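This is entry36.pdb. It holds PDB, C-alpha atoms, pLDDT in the B column.
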```
ATOM      1  CA  MET A  22      42.319 -54.850   6.118  1.00 41.00           C
ATOM      2  CA  THR A  23      42.938 -51.848   3.865  1.00 44.00           C
ATOM      3  CA  TRP A  24      45.340 -51.776   0.938  1.00 45.00           C
ATOM      4  CA  PRO A  25      47.601 -48.708   1.212  1.00 47.00           C
ATOM      5  CA  ILE A  26      49.131 -49.101  -2.265  1.00 46.00           C
ATOM      6  CA  ALA A  27      45.823 -49.776  -4.015  1.00 48.00           C
ATOM      7  CA  ILE A  28      44.182 -46.859  -2.250  1.00 43.00           C
ATOM      8  CA  SER A  29      46.974 -44.327  -2.725  1.00 47.00           C
ATOM      9  CA  LEU A  30      47.882 -45.197  -6.326  1.00 49.00           C
ATOM     10  CA  PRO A  31      44.765 -43.737  -8.027  1.00 49.00           C
ATOM     11  CA  THR A  32      45.088 -40.596  -5.915  1.00 50.00           C
ATOM     12  CA  GLN A  33      48.766 -40.305  -6.794  1.00 49.00           C
ATOM     13  CA  LEU A  34      48.080 -40.692 -10.506  1.00 51.00           C
ATOM     14  CA  ARG A  35      45.507 -37.892 -10.383  1.00 50.00           C
ATOM     15  CA  SER A  36      47.691 -35.493  -8.389  1.00 51.00           C
ATOM     16  CA  THR A  37      50.982 -35.688 -10.299  1.00 56.00           C
ATOM     17  CA  HIS A  38      52.192 -33.591 -13.205  1.00 71.00           C
ATOM     18  CA  GLY A  39      51.597 -36.703 -15.302  1.00 83.00           C
ATOM     19  CA  SER A  40      52.740 -40.300 -15.340  1.00 90.00           C
ATOM     20  CA  LEU A  41      53.933 -42.939 -17.759  1.00 94.00           C
ATOM     21  CA  ILE A  42      53.902 -46.615 -16.804  1.00 95.00           C
ATOM     22  CA  ALA A  43      55.204 -49.580 -18.794  1.00 96.00           C
ATOM     23  CA  VAL A  44      54.532 -53.159 -17.682  1.00 95.00           C
ATOM     24  CA  LEU A  45      56.960 -55.918 -18.634  1.00 95.00           C
ATOM     25  CA  PRO A  46      55.862 -59.536 -19.058  1.00 93.00           C
ATOM     26  CA  ARG A  47      56.792 -62.204 -16.518  1.00 87.00           C
ATOM     27  CA  GLY A  48      60.474 -63.084 -16.718  1.00 85.00           C
ATOM     28  CA  ALA A  49      61.453 -60.285 -19.115  1.00 88.00           C
ATOM     29  CA  SER A  50      65.209 -59.902 -19.186  1.00 84.00           C
ATOM     30  CA  ASP A  51      65.899 -57.449 -22.028  1.00 85.00           C
ATOM     31  CA  LEU A  52      65.890 -54.058 -20.318  1.00 90.00           C
ATOM     32  CA  GLY A  53      68.055 -52.447 -23.013  1.00 88.00           C
ATOM     33  CA  PRO A  54      65.303 -50.120 -24.292  1.00 89.00           C
ATOM     34  CA  PHE A  55      64.930 -48.791 -20.722  1.00 92.00           C
ATOM     35  CA  ALA A  56      68.637 -48.278 -20.001  1.00 91.00           C
ATOM     36  CA  ASP A  57      68.334 -44.461 -19.931  1.00 92.00           C
ATOM     37  CA  GLY A  58      66.926 -44.299 -16.426  1.00 93.00           C
ATOM     38  CA  LEU A  59      67.186 -45.749 -12.979  1.00 95.00           C
ATOM     39  CA  LEU A  60      66.854 -49.516 -13.158  1.00 95.00           C
ATOM     40  CA  LEU A  61      66.827 -51.176  -9.764  1.00 95.00           C
ATOM     41  CA  PRO A  62      69.561 -53.769  -9.087  1.00 94.00           C
ATOM     42  CA  GLU A  63      66.784 -56.141  -7.975  1.00 94.00           C
ATOM     43  CA  PRO A  64      63.066 -55.617  -8.643  1.00 94.00           C
ATOM     44  CA  ILE A  65      61.059 -54.701  -5.549  1.00 95.00           C
ATOM     45  CA  ALA A  66      58.503 -57.458  -4.977  1.00 93.00           C
ATOM     46  CA  VAL A  67      55.380 -55.551  -3.947  1.00 93.00           C
ATOM     47  CA  VAL A  68      53.137 -58.627  -4.118  1.00 91.00           C
ATOM     48  CA  GLU A  69      55.404 -60.490  -1.693  1.00 93.00           C
ATOM     49  CA  ALA A  70      55.289 -57.592   0.765  1.00 94.00           C
ATOM     50  CA  VAL A  71      51.476 -57.485   0.614  1.00 93.00           C
ATOM     51  CA  ALA A  72      51.286 -61.279   1.054  1.00 93.00           C
ATOM     52  CA  ARG A  73      53.558 -61.028   4.102  1.00 94.00           C
ATOM     53  CA  TRP A  74      51.316 -58.366   5.576  1.00 93.00           C
ATOM     54  CA  GLN A  75      48.252 -60.539   4.971  1.00 93.00           C
ATOM     55  CA  ARG A  76      49.932 -63.552   6.606  1.00 95.00           C
ATOM     56  CA  GLU A  77      51.417 -61.773   9.605  1.00 94.00           C
ATOM     57  CA  GLY A  78      49.197 -58.748  10.081  1.00 92.00           C
ATOM     58  CA  SER A  79      52.116 -57.157  11.907  1.00 94.00           C
ATOM     59  CA  ILE A  80      52.807 -53.455  12.220  1.00 95.00           C
ATOM     60  CA  ALA A  81      56.216 -53.994  10.596  1.00 95.00           C
ATOM     61  CA  ALA A  82      54.678 -55.733   7.573  1.00 94.00           C
ATOM     62  CA  ARG A  83      52.015 -53.011   7.252  1.00 94.00           C
ATOM     63  CA  SER A  84      54.685 -50.312   7.483  1.00 95.00           C
ATOM     64  CA  ALA A  85      56.692 -52.042   4.753  1.00 94.00           C
ATOM     65  CA  VAL A  86      53.675 -52.008   2.424  1.00 93.00           C
ATOM     66  CA  GLN A  87      52.944 -48.371   3.232  1.00 92.00           C
ATOM     67  CA  GLY A  88      56.590 -47.534   2.574  1.00 93.00           C
ATOM     68  CA  LEU A  89      56.408 -49.244  -0.807  1.00 93.00           C
ATOM     69  CA  GLY A  90      53.293 -47.212  -1.592  1.00 91.00           C
ATOM     70  CA  GLN A  91      55.164 -44.004  -0.815  1.00 92.00           C
ATOM     71  CA  LEU A  92      58.175 -45.164  -2.827  1.00 93.00           C
ATOM     72  CA  LEU A  93      55.991 -45.949  -5.846  1.00 92.00           C
ATOM     73  CA  SER A  94      54.242 -42.585  -5.478  1.00 90.00           C
ATOM     74  CA  GLY A  95      57.617 -40.851  -5.604  1.00 91.00           C
ATOM     75  CA  MET A  96      58.652 -42.835  -8.660  1.00 93.00           C
ATOM     76  CA  LEU A  97      55.396 -41.987 -10.428  1.00 91.00           C
ATOM     77  CA  SER A  98      56.003 -38.309  -9.622  1.00 88.00           C
ATOM     78  CA  ALA A  99      59.418 -38.357 -11.277  1.00 89.00           C
ATOM     79  CA  ASP A 100      59.767 -37.466 -14.930  1.00 89.00           C
ATOM     80  CA  GLY A 101      60.004 -40.367 -17.331  1.00 93.00           C
ATOM     81  CA  ILE A 102      58.583 -43.872 -17.317  1.00 95.00           C
ATOM     82  CA  THR A 103      57.976 -46.016 -14.254  1.00 96.00           C
ATOM     83  CA  LEU A 104      58.716 -49.632 -15.164  1.00 96.00           C
ATOM     84  CA  LEU A 105      56.717 -52.407 -13.485  1.00 95.00           C
ATOM     85  CA  SER A 106      56.487 -56.146 -14.067  1.00 93.00           C
ATOM     86  CA  SER A 107      53.342 -58.180 -14.583  1.00 92.00           C
ATOM     87  CA  GLU A 108      54.206 -60.245 -11.513  1.00 90.00           C
ATOM     88  CA  GLY A 109      53.849 -57.194  -9.285  1.00 89.00           C
ATOM     89  CA  SER A 110      57.356 -55.789  -8.935  1.00 93.00           C
ATOM     90  CA  ILE A 111      58.833 -52.336  -9.366  1.00 95.00           C
ATOM     91  CA  VAL A 112      61.690 -52.552 -11.877  1.00 96.00           C
ATOM     92  CA  GLY A 113      62.780 -48.940 -12.460  1.00 96.00           C
ATOM     93  CA  TYR A 114      61.779 -45.317 -12.904  1.00 96.00           C
ATOM     94  CA  ASN A 115      62.857 -41.978 -14.368  1.00 95.00           C
ATOM     95  CA  ILE A 116      63.358 -43.793 -17.691  1.00 95.00           C
ATOM     96  CA  PHE A 117      63.463 -41.957 -21.006  1.00 92.00           C
ATOM     97  CA  LEU A 118      63.012 -43.303 -24.520  1.00 85.00           C
ATOM     98  CA  HIS A 119      64.763 -41.833 -27.526  1.00 73.00           C
ATOM     99  CA  PRO A 120      63.514 -41.900 -31.133  1.00 62.00           C
ATOM    100  CA  GLY A 121      64.971 -44.910 -32.887  1.00 59.00           C
ATOM    101  CA  PRO A 122      67.123 -44.837 -35.995  1.00 53.00           C
ATOM    102  CA  GLY A 123      65.222 -43.572 -38.999  1.00 48.00           C
ATOM    103  CA  ALA A 124      62.615 -41.614 -36.991  1.00 48.00           C
ATOM    104  CA  SER A 125      61.799 -38.416 -38.809  1.00 44.00           C
ATOM    105  CA  ILE A 126      62.156 -35.086 -37.066  1.00 44.00           C
ATOM    106  CA  GLU A 127      58.513 -34.293 -37.860  1.00 48.00           C
ATOM    107  CA  ALA A 128      57.275 -37.554 -36.319  1.00 47.00           C
ATOM    108  CA  ALA A 129      59.537 -37.101 -33.315  1.00 48.00           C
ATOM    109  CA  SER A 130      58.291 -33.568 -32.688  1.00 50.00           C
ATOM    110  CA  LEU A 131      54.507 -34.153 -32.845  1.00 51.00           C
ATOM    111  CA  GLY A 132      52.773 -33.846 -29.470  1.00 59.00           C
ATOM    112  CA  GLY A 133      54.400 -33.512 -26.068  1.00 77.00           C
ATOM    113  CA  ALA A 134      57.242 -35.707 -24.899  1.00 80.00           C
ATOM    114  CA  ARG A 135      54.954 -37.752 -22.637  1.00 83.00           C
ATOM    115  CA  HIS A 136      52.500 -38.350 -25.478  1.00 84.00           C
ATOM    116  CA  ARG A 137      55.300 -39.384 -27.857  1.00 86.00           C
ATOM    117  CA  ALA A 138      56.770 -41.730 -25.259  1.00 89.00           C
ATOM    118  CA  PHE A 139      53.354 -43.288 -24.683  1.00 92.00           C
ATOM    119  CA  GLN A 140      52.907 -43.855 -28.426  1.00 91.00           C
ATOM    120  CA  ALA A 141      56.286 -45.609 -28.505  1.00 91.00           C
ATOM    121  CA  LEU A 142      55.328 -47.766 -25.511  1.00 93.00           C
ATOM    122  CA  ALA A 143      51.858 -48.499 -26.902  1.00 93.00           C
ATOM    123  CA  SER A 144      53.442 -49.789 -30.124  1.00 91.00           C
ATOM    124  CA  GLN A 145      55.226 -52.448 -28.037  1.00 91.00           C
ATOM    125  CA  VAL A 146      52.156 -53.674 -26.135  1.00 93.00           C
ATOM    126  CA  GLY A 147      51.528 -57.285 -27.095  1.00 92.00           C
ATOM    127  CA  ARG A 148      55.113 -57.668 -28.325  1.00 88.00           C
ATOM    128  CA  THR A 149      57.567 -56.720 -25.566  1.00 90.00           C
ATOM    129  CA  LEU A 150      55.180 -55.068 -23.076  1.00 93.00           C
ATOM    130  CA  VAL A 151      52.053 -56.309 -21.339  1.00 94.00           C
ATOM    131  CA  ALA A 152      50.632 -52.823 -20.866  1.00 95.00           C
ATOM    132  CA  ALA A 153      51.307 -49.089 -21.125  1.00 95.00           C
ATOM    133  CA  PHE A 154      49.556 -46.240 -19.310  1.00 95.00           C
ATOM    134  CA  VAL A 155      49.757 -42.470 -19.600  1.00 93.00           C
ATOM    135  CA  ARG A 156      48.150 -39.659 -17.666  1.00 90.00           C
ATOM    136  CA  SER A 157      48.943 -36.084 -18.627  1.00 85.00           C
ATOM    137  CA  GLN A 158      48.850 -33.058 -16.393  1.00 81.00           C
ATOM    138  CA  ASP A 159      45.836 -31.808 -18.386  1.00 81.00           C
ATOM    139  CA  GLY A 160      43.856 -34.942 -17.437  1.00 81.00           C
ATOM    140  CA  TYR A 161      44.296 -36.931 -20.654  1.00 85.00           C
ATOM    141  CA  ALA A 162      44.690 -40.643 -19.915  1.00 90.00           C
ATOM    142  CA  ASP A 163      45.104 -43.721 -22.065  1.00 93.00           C
ATOM    143  CA  CYS A 164      45.910 -47.349 -21.412  1.00 94.00           C
ATOM    144  CA  ARG A 165      46.849 -50.206 -23.741  1.00 95.00           C
ATOM    145  CA  ILE A 166      46.774 -53.811 -22.546  1.00 94.00           C
ATOM    146  CA  ALA A 167      47.905 -56.856 -24.500  1.00 93.00           C
ATOM    147  CA  ASP A 168      45.183 -59.244 -25.635  1.00 92.00           C
ATOM    148  CA  ALA A 169      45.068 -62.591 -23.832  1.00 87.00           C
ATOM    149  CA  ASP A 170      46.288 -64.397 -26.955  1.00 86.00           C
ATOM    150  CA  ASP A 171      49.273 -62.081 -27.616  1.00 84.00           C
ATOM    151  CA  PRO A 172      52.677 -63.814 -27.419  1.00 82.00           C
ATOM    152  CA  VAL A 173      53.816 -61.493 -24.637  1.00 82.00           C
ATOM    153  CA  TRP A 174      51.717 -63.474 -22.142  1.00 78.00           C
ATOM    154  CA  GLY A 175      53.581 -66.685 -23.139  1.00 70.00           C
TER     155      GLY A 175
END
```
Conversion result in structure tokens:
Amino acid sequence: MTWPIAISLPTQLRSTHGSLIAVLPRGASDLGPFADGLLLPEPIAVVEAVARWQREGSIAARSAVQGLGQLLSGMLSADGITLLSSEGSIVGYNIFLHPGPGASIEAASLGGARHRAFQALASQVGRTLVAAFVRSQDGYADCRIADADDPVWG
């Protein structure tokens, strides 16, 4: 059995104009910092769709997983942050962060917007995020993942 999402995701990340991904911890409910974007009314449970496909092996279940792979590819291609959860759900996309109160103009203007957004996300890894990932159009990539003993895994 092949995994359409797992196979297409690395290809999608390499072929886009760049991507930003933030991963929320299990049960996170404060989505306020991500309000400037498209938050889904209900997270899309990718893991459940894959489990269904494994159980049933049906064409319909396979098509659902492939459709989710295409949907995620489209979200990753959109500007802004794609928001995922650590339990394997898609939460939102096309999300933009704004410099917080007290941010200096110089600090806010260093680097490109994607790089600045990644730095803001990376500062929250281990606190309010499980992980953050960036890939720029020029090939730069970075990933931050919370340590196993960070409170975010609680």
Which of A:Leu118, A:Leu89, A:His136, A:Pro54 sits closest to Asp159 in chain A [using only C-alpha atoms]: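 Residue with the minimum atom-to-atom distance to Asp159 in chain A: A:His136.
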Run the PyMOL selection byres ((chain A and resi 139-151) around 10) against the file shown and list the residues it catches, as a compact mmCIF listing (two decimals) with C-alpha atoms, in the coordinates of the input.
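The resulting file, out_13.txt, is reproduced below:
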```
# COMPACT_ATOMS: atom_id res chain seq x y z
CA SER A 40 52.74 -40.30 -15.34
CA LEU A 41 53.93 -42.94 -17.76
CA ILE A 42 53.90 -46.62 -16.80
CA ALA A 43 55.20 -49.58 -18.79
CA VAL A 44 54.53 -53.16 -17.68
CA LEU A 45 56.96 -55.92 -18.63
CA PRO A 46 55.86 -59.54 -19.06
CA ARG A 47 56.79 -62.20 -16.52
CA ALA A 49 61.45 -60.28 -19.11
CA ASP A 51 65.90 -57.45 -22.03
CA ILE A 102 58.58 -43.87 -17.32
CA LEU A 105 56.72 -52.41 -13.48
CA SER A 106 56.49 -56.15 -14.07
CA SER A 107 53.34 -58.18 -14.58
CA LEU A 118 63.01 -43.30 -24.52
CA HIS A 119 64.76 -41.83 -27.53
CA PRO A 120 63.51 -41.90 -31.13
CA GLY A 121 64.97 -44.91 -32.89
CA GLY A 133 54.40 -33.51 -26.07
CA ALA A 134 57.24 -35.71 -24.90
CA ARG A 135 54.95 -37.75 -22.64
CA HIS A 136 52.50 -38.35 -25.48
CA ARG A 137 55.30 -39.38 -27.86
CA ALA A 138 56.77 -41.73 -25.26
CA ALA A 152 50.63 -52.82 -20.87
CA ALA A 153 51.31 -49.09 -21.12
CA PHE A 154 49.56 -46.24 -19.31
CA VAL A 155 49.76 -42.47 -19.60
CA ARG A 156 48.15 -39.66 -17.67
CA ASP A 163 45.10 -43.72 -22.06
CA CYS A 164 45.91 -47.35 -21.41
CA ARG A 165 46.85 -50.21 -23.74
CA ILE A 166 46.77 -53.81 -22.55
CA ALA A 167 47.90 -56.86 -24.50
CA ASP A 168 45.18 -59.24 -25.64
CA ALA A 169 45.07 -62.59 -23.83
CA ASP A 170 46.29 -64.40 -26.96
CA ASP A 171 49.27 -62.08 -27.62
CA PRO A 172 52.68 -63.81 -27.42
CA VAL A 173 53.82 -61.49 -24.64
CA TRP A 174 51.72 -63.47 -22.14
```
CA of Ala85 in chain A and CA of Val112 in chain A, how far apart in Å? 17.4 Å
One decimal, in Å: what's the spacing between CA of Gly39 in chain A and CA of Gln158 in chain A?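 Answer for the CA of Gly39 in chain A to CA of Gln158 in chain A separation: 4.7 Å.
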May I ask for the distance between CA of Leu93 in chain A and CA of Asn115 in chain A, given in Å to one decimal place?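 These atoms are spaced 11.6 Å apart.
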Take the PyMOL selection byres ((chain A and resi 84) around 12), run it mentally on this structure, and tell me the resulting residues as a PyMOL selection string. chain A and resi 24-26+70-71+73-74+78-83+85-91
Find, counting all atoms listed in the file, the residue in A:Gly160, A:Gly113, A:Pro62, A:Gly175 that gets nearest to Leu97 in chain A.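 Closest to Leu97 in chain A of all the choices is A:Gly113.
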So which one's closest to Ala56 in chain A, A:Ile116, A:Glu69, A:Ser94, A:Glu108? Using all atoms listed in the file, please.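 Using all atoms listed in the file, Ala56 in chain A sits closest to A:Ile116.
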With all atoms of range 39-50 of chain A from the file as input, state the centre and edge lengths in Å to one decimal of the axis-aligned box that has 4 Å extra on each side, as lines of an AutoDock Vina configuration file.
```
center_x = 58.4
center_y = -49.9
center_z = -17.2
size_x = 21.6
size_y = 34.4
size_z = 11.9
```
Which residue, A:His38, A:Leu52, A:Ser110, A:Val68, has the smallest gap to Gly95 in chain A when you use only C-alpha atoms? A:His38
Nearest to Leu61 in chain A: which of A:Arg76, A:Gly109, A:Tyr114, A:Tyr161 is it, counting all atoms listed in the file?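 Closest to Leu61 in chain A of all the choices is A:Tyr114.
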